[in-house]
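Coordinates as given in protein-v2.cif (mmCIF, C-alpha atoms and all ligand atoms):
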```cif
data_run
loop_
_atom_site.label_atom_id
_atom_site.label_comp_id
_atom_site.auth_asym_id
_atom_site.auth_seq_id
_atom_site.Cartn_x
_atom_site.Cartn_y
_atom_site.Cartn_z
CA MET A 1 -20.44 8.42 13.01
CA HIS A 2 -19.27 6.52 9.95
CA TYR A 3 -16.27 4.23 10.38
CA ALA A 4 -13.88 2.99 7.72
CA LEU A 5 -12.27 0.38 9.92
CA ARG A 6 -12.65 -1.11 13.37
CA THR A 7 -10.57 -3.73 15.09
CA GLU A 8 -11.63 -5.30 18.36
CA ASN A 9 -9.14 -7.26 20.38
CA LEU A 10 -7.11 -8.00 17.27
CA VAL A 11 -4.31 -10.49 17.83
CA ALA A 12 -2.03 -11.58 14.98
CA GLY A 13 1.49 -12.76 14.28
CA TYR A 14 3.44 -15.75 13.09
CA GLY A 15 3.24 -18.87 15.22
CA GLN A 16 4.63 -18.10 18.68
CA ARG A 17 5.57 -14.59 17.58
CA VAL A 18 2.61 -12.34 18.41
CA LEU A 19 3.07 -8.87 16.92
CA LEU A 20 -0.37 -7.35 17.29
CA ARG A 21 -1.74 -7.76 20.81
CA ASN A 22 -5.31 -6.90 21.65
CA LEU A 23 -5.45 -4.01 19.23
CA PHE A 24 -8.56 -1.84 19.46
CA LEU A 25 -8.80 0.69 16.65
CA THR A 26 -11.62 2.83 15.36
CA VAL A 27 -10.78 4.78 12.23
CA PRO A 28 -13.42 7.29 11.16
CA ALA A 29 -14.18 7.90 7.49
CA PRO A 30 -12.73 9.85 5.84
CA ALA A 31 -9.35 10.05 7.59
CA PHE A 32 -5.62 9.97 7.05
CA VAL A 33 -3.69 7.72 9.44
CA ALA A 34 0.11 7.66 9.54
CA ILE A 35 1.29 4.33 10.97
CA VAL A 36 4.75 4.51 12.52
CA GLY A 37 6.89 2.17 14.59
CA HIS A 38 10.22 0.38 14.74
CA ASN A 39 11.33 -2.03 12.01
CA GLY A 40 9.67 -5.34 12.64
CA CYS A 41 7.04 -4.06 15.10
CA GLY A 42 4.19 -5.40 12.96
CA LYS A 43 3.07 -2.60 10.64
CA THR A 44 3.01 -4.71 7.49
CA THR A 45 1.58 -7.56 9.54
CA LEU A 46 -1.41 -5.34 10.36
CA PHE A 47 -1.94 -4.70 6.63
CA ARG A 48 -1.65 -8.44 5.91
CA ALA A 49 -4.41 -9.09 8.42
CA LEU A 50 -6.60 -6.28 7.05
CA THR A 51 -6.24 -7.55 3.49
CA GLY A 52 -7.22 -11.08 4.46
CA HIS A 53 -3.72 -12.54 3.99
CA LEU A 54 -3.08 -13.52 7.60
CA PRO A 55 -5.22 -15.38 10.13
CA TYR A 56 -6.10 -13.38 13.25
CA GLN A 57 -8.07 -13.51 16.47
CA GLY A 58 -10.61 -10.85 17.38
CA ASN A 59 -12.70 -8.86 14.93
CA ILE A 60 -12.00 -6.67 11.95
CA MET A 61 -14.78 -4.58 10.42
CA LEU A 62 -14.23 -2.92 7.04
CA GLY A 63 -17.04 -0.38 6.99
CA GLU A 64 -20.15 -2.42 7.68
CA ARG A 65 -18.58 -5.74 6.68
CA GLU A 66 -17.00 -8.26 9.00
CA LEU A 67 -13.72 -9.22 7.28
CA ARG A 68 -14.23 -12.92 8.03
CA GLN A 69 -17.31 -12.88 5.81
CA VAL A 70 -15.37 -11.39 2.88
CA ARG A 71 -13.32 -13.70 0.70
CA ARG A 72 -11.19 -11.17 -1.16
CA PRO A 73 -11.57 -7.64 0.24
CA ALA A 74 -9.61 -5.93 -2.55
CA ALA A 75 -11.40 -7.79 -5.37
CA GLU A 76 -14.71 -6.86 -3.77
CA GLY A 77 -13.75 -3.18 -3.74
CA LEU A 78 -13.57 -2.77 0.03
CA LEU A 79 -9.95 -1.67 -0.01
CA ALA A 80 -6.94 -1.08 -2.24
CA TYR A 81 -3.45 -2.08 -1.14
CA LEU A 82 -0.04 -0.85 -2.26
CA PRO A 83 2.58 -3.24 -0.85
CA GLN A 84 6.16 -2.23 -0.16
CA ARG A 85 7.73 -3.88 -3.18
CA THR A 86 6.09 -5.21 -6.29
CA VAL A 87 8.30 -6.53 -9.06
CA ILE A 88 7.08 -6.79 -12.63
CA GLY A 89 8.97 -9.39 -14.62
CA PHE A 90 7.90 -8.46 -18.14
CA PRO A 91 8.11 -5.26 -20.21
CA ILE A 92 4.93 -3.20 -19.99
CA ARG A 93 4.12 0.36 -20.93
CA VAL A 94 3.35 2.65 -18.00
CA ARG A 95 -0.10 3.56 -19.36
CA GLU A 96 -1.04 -0.13 -19.58
CA LEU A 97 -0.01 -0.75 -16.00
CA VAL A 98 -1.88 2.26 -14.64
CA VAL A 99 -5.09 1.48 -16.50
CA MET A 100 -5.18 -1.87 -14.67
CA GLY A 101 -6.31 0.13 -11.64
CA ARG A 102 -9.71 -0.21 -13.36
CA TYR A 103 -9.51 -4.02 -13.29
CA ARG A 104 -12.58 -4.54 -11.16
CA ARG A 105 -14.70 -3.11 -13.96
CA HIS A 106 -13.07 -5.08 -16.73
CA GLY A 107 -10.85 -7.94 -15.66
CA LEU A 108 -7.08 -7.51 -15.63
CA PHE A 109 -6.11 -7.87 -19.28
CA SER A 110 -9.40 -7.23 -21.05
CA ALA A 111 -9.96 -4.29 -23.37
CA TYR A 112 -10.06 -0.97 -21.60
CA SER A 113 -12.07 1.91 -23.04
CA ALA A 114 -10.88 5.34 -24.18
CA THR A 115 -12.34 6.72 -20.95
CA ASP A 116 -10.25 4.29 -18.91
CA TYR A 117 -7.11 5.44 -20.67
CA GLN A 118 -8.06 9.10 -20.13
CA LEU A 119 -8.45 8.36 -16.43
CA ALA A 120 -5.07 6.61 -16.42
CA ASP A 121 -3.40 9.61 -18.07
CA ALA A 122 -5.07 12.00 -15.61
CA ALA A 123 -3.96 9.85 -12.68
CA LEU A 124 -0.36 9.94 -13.93
CA GLN A 125 -0.61 13.69 -14.32
CA LYS A 126 -1.80 14.08 -10.72
CA VAL A 127 1.18 12.19 -9.30
CA GLY A 128 3.59 14.21 -11.45
CA ALA A 129 4.48 11.33 -13.76
CA ALA A 130 2.71 12.31 -17.01
CA HIS A 131 6.05 12.28 -18.82
CA LEU A 132 6.47 8.56 -18.15
CA VAL A 133 3.26 7.46 -19.83
CA GLU A 134 4.82 5.84 -22.93
CA GLN A 135 7.83 4.31 -21.18
CA ASP A 136 8.58 0.72 -20.33
CA PHE A 137 7.81 0.40 -16.62
CA THR A 138 10.63 -2.08 -15.97
CA LEU A 139 13.26 0.45 -17.12
CA LEU A 140 12.16 3.19 -14.69
CA SER A 141 13.98 4.12 -11.49
CA GLY A 142 12.59 2.86 -8.18
CA GLY A 143 11.11 6.27 -7.39
CA GLU A 144 9.50 6.61 -10.81
CA GLN A 145 8.01 3.13 -10.49
CA GLN A 146 6.55 4.13 -7.13
CA LEU A 147 4.77 7.11 -8.67
CA VAL A 148 3.27 4.82 -11.31
CA TRP A 149 1.94 2.47 -8.62
CA LEU A 150 0.38 5.44 -6.86
CA ALA A 151 -1.35 6.46 -10.06
CA GLN A 152 -2.67 2.92 -10.49
CA LEU A 153 -3.88 2.83 -6.89
CA SER A 154 -5.74 6.11 -7.31
CA LEU A 155 -7.86 4.54 -10.06
CA GLN A 156 -9.18 1.83 -7.78
CA GLU A 157 -12.57 2.79 -6.53
CA ALA A 158 -12.16 1.66 -2.92
CA PRO A 159 -13.08 3.65 0.20
CA LEU A 160 -9.98 2.48 2.08
CA TYR A 161 -6.40 2.74 0.80
CA LEU A 162 -3.52 0.94 2.52
CA LEU A 163 -0.04 2.12 1.53
CA ASP A 164 3.12 0.48 2.85
CA GLU A 165 5.95 3.04 2.87
CA PRO A 166 4.93 4.80 -0.35
CA THR A 167 7.67 7.44 -0.09
CA GLN A 168 10.47 5.00 0.62
CA GLN A 169 12.45 5.47 -2.60
CA LEU A 170 11.44 9.01 -3.41
CA ASP A 171 13.50 12.18 -3.28
CA VAL A 172 12.57 15.07 -0.97
CA TYR A 173 10.38 16.82 -3.54
CA TYR A 174 8.35 13.75 -4.46
CA ARG A 175 7.94 12.66 -0.83
CA ARG A 176 6.20 15.93 -0.10
CA ARG A 177 4.15 15.53 -3.22
CA VAL A 178 3.01 12.02 -2.26
CA PHE A 179 1.92 13.18 1.19
CA ASP A 180 -0.01 16.05 -0.42
CA LEU A 181 -1.61 13.57 -2.81
CA MET A 182 -2.74 11.29 0.03
CA GLN A 183 -4.20 14.33 1.83
CA ALA A 184 -6.13 15.26 -1.30
CA TRP A 185 -7.56 11.72 -1.55
CA VAL A 186 -8.91 12.21 1.97
CA LEU A 187 -10.04 15.82 1.86
CA GLU A 188 -11.33 15.98 -1.73
CA GLN A 189 -12.42 12.40 -2.45
CA GLY A 190 -13.45 11.24 1.02
CA LYS A 191 -11.07 8.28 1.07
CA THR A 192 -9.61 6.82 4.22
CA VAL A 193 -5.87 6.38 3.86
CA LEU A 194 -3.66 4.26 6.13
CA CYS A 195 -0.02 4.95 5.38
CA ILE A 196 2.92 3.11 6.93
CA THR A 197 5.89 5.44 7.05
CA HIS A 198 9.26 6.09 8.66
CA ASP A 199 9.19 9.60 7.22
CA LEU A 200 8.11 11.45 10.38
CA ASP A 201 9.56 14.75 9.23
CA ASN A 202 6.83 15.08 6.61
CA LEU A 203 3.94 14.43 9.00
CA PRO A 204 3.53 17.72 10.91
CA GLY A 205 1.10 19.93 9.00
CA LEU A 206 -0.97 17.04 7.68
CA THR A 207 -4.54 16.58 8.85
CA GLY A 208 -5.28 13.21 10.38
CA TYR A 209 -4.08 10.74 12.99
CA LEU A 210 -0.90 9.09 14.14
CA LEU A 211 -0.70 5.43 15.17
CA ASN A 212 2.52 4.29 16.85
CA LEU A 213 2.48 0.51 16.61
CA SER A 214 5.63 0.23 18.76
CA HIS A 215 3.67 1.60 21.71
CA PRO A 216 2.51 -1.07 24.19
CA THR A 217 -1.11 0.05 23.68
CA PRO A 218 -1.25 1.67 20.25
CA GLN A 219 -4.07 4.13 19.65
CA LEU A 220 -5.01 6.91 17.26
CA GLU A 221 -3.77 10.35 18.26
CA PRO A 222 -4.39 13.58 16.38
CA LEU A 223 -1.54 14.33 13.99
CA THR A 224 0.17 17.46 15.35
CA ALA A 225 3.72 18.73 15.67
CA THR A 226 3.58 17.73 19.34
CA THR A 227 2.38 14.14 18.83
CA VAL A 228 4.85 13.57 15.99
CA ARG A 229 7.72 14.88 18.14
CA ALA A 230 6.64 12.63 21.02
CA ALA A 231 6.48 9.60 18.71
CA LYS A 232 9.91 10.42 17.31
CA GLU A 233 11.39 10.70 20.81
CA PHE A 234 9.71 7.45 21.82
CA LEU A 235 11.09 5.61 18.78
CA GLU A 236 14.59 7.04 19.22
CA ALA A 237 14.68 6.23 22.93
CA SER A 238 13.35 2.68 23.03
CA PRO A 239 14.40 -0.48 21.20
CA VAL A 240 11.79 -2.69 19.51
N1 LIG B 1 5.79 -15.04 7.09
C1 LIG B 1 6.44 -14.76 8.23
N2 LIG B 1 6.79 -15.75 9.09
C2 LIG B 1 7.46 -15.48 10.22
N3 LIG B 1 7.82 -14.24 10.61
C3 LIG B 1 7.50 -13.23 9.80
C4 LIG B 1 6.79 -13.44 8.57
N4 LIG B 1 6.62 -12.24 7.98
C5 LIG B 1 7.18 -11.32 8.81
N5 LIG B 1 7.70 -11.91 9.88
C6 LIG B 1 8.39 -11.24 11.00
O1 LIG B 1 7.46 -10.45 11.71
C7 LIG B 1 8.07 -9.24 12.14
C8 LIG B 1 7.19 -8.08 11.75
O2 LIG B 1 7.21 -7.91 10.37
P1 LIG B 1 6.48 -6.68 9.67
O3 LIG B 1 6.78 -6.86 8.21
O4 LIG B 1 5.07 -6.60 10.09
O5 LIG B 1 7.29 -5.44 10.27
P2 LIG B 1 7.14 -3.89 9.96
O6 LIG B 1 6.71 -3.20 11.23
O7 LIG B 1 6.31 -3.66 8.75
O8 LIG B 1 8.68 -3.52 9.69
P3 LIG B 1 9.45 -2.54 8.65
O9 LIG B 1 9.32 -1.15 9.20
O10 LIG B 1 10.85 -3.03 8.72
O11 LIG B 1 8.82 -2.74 7.29
C9 LIG B 1 9.46 -9.21 11.55
O12 LIG B 1 10.38 -9.54 12.56
C10 LIG B 1 9.44 -10.27 10.49
O13 LIG B 1 10.68 -10.90 10.36
#
```
structure tokens encoding of this file:
Amino acid sequence: MHYALRTENLVAGYGQRVLLRNLFLTVPAPAFVAIVGHNGCGKTTLFRALTGHLPYQGNIMLGERELRQVRRPAAEGLLAYLPQRTVIGFPIRVRELVVMGRYRRHGLFSAYSATDYQLADAALQKVGAAHLVEQDFTLLSGGEQQLVWLAQLSLQEAPLYLLDEPTQQLDVYYRRRVFDLMQAWVLEQGKTVLCITHDLDNLPGLTGYLLNLSHPTPQLEPLTATTVRAAKEFLEASPV
């Protein structure tokens, strides 16, 4: 079987504060994984370790590569990461921001080709944000900005996508749409998508796995109405 990600005995945290304890994970490729858990249980910390931004003990394999041997996993095309909040401090047109998803082929601010821009427009169309293409990104609403980031992410040619609460600022309609989009990345493009979310109501009906990082021994479970309900009850019943 082909694996997108494996962790063996992964331990990580901040100083005395250990958040990930002896985590063993094997994520097949392709797959969708919804990562849930209480605020502060270590979901983003897991992503920081996977992206090479946090020291850890144990092993992390990204596909066939041992993460310790990789200097910059995103720059080398092993993964693409959408953090929770990214602030842009200068005016920039939406199309110009989205096309930067092609940066590994060109360098961030170098000249992009007509094909790159066509891909950027198509990516915006797919997330339902084609109408924003000419606008100044910094003037958009939080939800609109999130759609633009998703379009940019979709242009990155990585096998593994990590998304930290991508539906956080979106209304009901766009939340559904973003989950459908992530499913399409998996089912149609063979990507493996790890998505941190508190939006459990949108999970039943999706194909993939659930990972409850608040559980004492977190492991992948099939994503079903039953497992989502159990996770919800667990999270409602127990403190962090
Ligand atoms: N650089 C840091 N130094 C010390 N503690 C940190 C640091 N970054 C995060 N923490 C703490 O680690 C804990 C876990 O943070 P993390 O961001 O992984 O939580 P999370 O599960 O993603 O939570 P949320 O659902 O609220 O986003 C939090 O209590 C946080 O305050």
* Find the distance between atom C7 of ligand LIG 1 (chain B) and atom CA of A:His38 and write it in Å to one decimal. =>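 So the two atoms, atom C7 of ligand LIG 1 (chain B) and atom CA of A:His38, lie 10.2 Å apart.
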* Between A:Gly58, A:Pro83, A:Pro73, A:Gly63, which is the closest to ligand LIG 1 (chain B) once you count only C-alpha atoms and all ligand atoms? ->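 Result for the nearest residue to ligand LIG 1 (chain B): A:Pro83.
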* Would you mind listing the residues within 6 Å of ligand LIG 1 (chain B), counting all atoms listed in the file, as a PyMOL selection string? => chain A and resi 14+38-45
* Please provide as a ChimeraX atom specification all residues within 10 Å of A:Ala158, with the sequence filter that same-chain residues fewer than 6 positions apart are discarded (counting only C-alpha atoms). => /A:73-81,191-192
Identify, on the basis of all atoms listed in the file, every residue whose closest approach to A:Arg229 does not exceed 9 Å; exclude the query and any residue fewer than 4 positions from it along the same chain; express the result as a CSV table (one decimal) with C-alpha atoms, in the coordinates of the input.
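Final file, result-v9.csv:
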```csv
chain,number,residue,atom,x,y,z
A,200,LEU,CA,8.1,11.4,10.4
A,204,PRO,CA,3.5,17.7,10.9
A,224,THR,CA,0.2,17.5,15.4
A,225,ALA,CA,3.7,18.7,15.7
A,233,GLU,CA,11.4,10.7,20.8
A,234,PHE,CA,9.7,7.4,21.8
```
* Top pick for closest residue to A:Pro216, considering A:Asn9, A:Asn22, A:Gln189, A:Gln16 and counting all atoms listed in the file -> A:Asn22
* To do: Calculate how many Å separate atom CA of A:Leu163 from atom CA of A:Tyr117, rounding to one decimal.
  =>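 Taking atom CA of A:Leu163 as the start and atom CA of A:Tyr117 as the end point, the length is 23.5 Å.
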Pick out the residues sitting within 10 Å of A:Thr167, and hand them over as a PDB file with C-alpha atoms, keeping the file's coordinate frame; count all atoms listed in the file, and ignore anything fewer than 3 positions along from it in its own chain.
```pdb
ATOM      1  CA  GLN A  84       6.160  -2.230  -0.160  1.00  0.00           C
ATOM      2  CA  GLY A 143      11.110   6.270  -7.390  1.00  0.00           C
ATOM      3  CA  GLN A 146       6.550   4.130  -7.130  1.00  0.00           C
ATOM      4  CA  LEU A 147       4.770   7.110  -8.670  1.00  0.00           C
ATOM      5  CA  LEU A 163      -0.040   2.120   1.530  1.00  0.00           C
ATOM      6  CA  ASP A 164       3.120   0.480   2.850  1.00  0.00           C
ATOM      7  CA  LEU A 170      11.440   9.010  -3.410  1.00  0.00           C
ATOM      8  CA  ASP A 171      13.500  12.180  -3.280  1.00  0.00           C
ATOM      9  CA  VAL A 172      12.570  15.070  -0.970  1.00  0.00           C
ATOM     10  CA  TYR A 174       8.350  13.750  -4.460  1.00  0.00           C
ATOM     11  CA  ARG A 175       7.940  12.660  -0.830  1.00  0.00           C
ATOM     12  CA  ARG A 176       6.200  15.930  -0.100  1.00  0.00           C
ATOM     13  CA  ARG A 177       4.150  15.530  -3.220  1.00  0.00           C
ATOM     14  CA  VAL A 178       3.010  12.020  -2.260  1.00  0.00           C
ATOM     15  CA  PHE A 179       1.920  13.180   1.190  1.00  0.00           C
ATOM     16  CA  CYS A 195      -0.020   4.950   5.380  1.00  0.00           C
ATOM     17  CA  ILE A 196       2.920   3.110   6.930  1.00  0.00           C
ATOM     18  CA  THR A 197       5.890   5.440   7.050  1.00  0.00           C
ATOM     19  CA  HIS A 198       9.260   6.090   8.660  1.00  0.00           C
ATOM     20  CA  ASP A 199       9.190   9.600   7.220  1.00  0.00           C
TER      21      ASP A 199
END
```
As AutoDock Vina command-line options: centre and edge lengths in Å, one decimal, of the axis-aligned box holding stretch 30-34 of chain A with 3 Å per side:
```
--center_x -6.3 --center_y 8.9 --center_z 7.7 --size_x 18.8 --size_y 8.4 --size_z 9.7
```
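Distance-wise, atom CA of A:Val186 and atom CA of A:Pro30 end up 5.9 Å apart.
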* **Nearest-residue call for A:Trp149, choices A:Ala49, A:Val193, A:Leu82, A:Leu10, using all atoms listed in the file** =>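 When distances to A:Trp149 are compared using all atoms listed in the file, the smallest one comes from A:Leu82.
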* Using all atoms listed in the file, which of A:Ala111, A:Leu155, A:Leu139, A:Ala29 sits nearest A:Ala123? ->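 Residue with the minimum atom-to-atom distance to A:Ala123: A:Leu155.
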* To do: Check the smallest atom-to-atom distance from each of A:Ala34, A:Glu157, A:Leu62, A:Arg95 to A:Asp201 using only C-alpha atoms, then report the winner.
  =>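 Between A:Ala34, A:Glu157, A:Leu62, A:Arg95, the residue approaching A:Asp201 most closely is A:Ala34.
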* **Counting all atoms listed in the file, the residue of A:Gln152, A:Ser141, A:Thr207, A:Thr51 that sits nearest A:Lys126** => A:Gln152
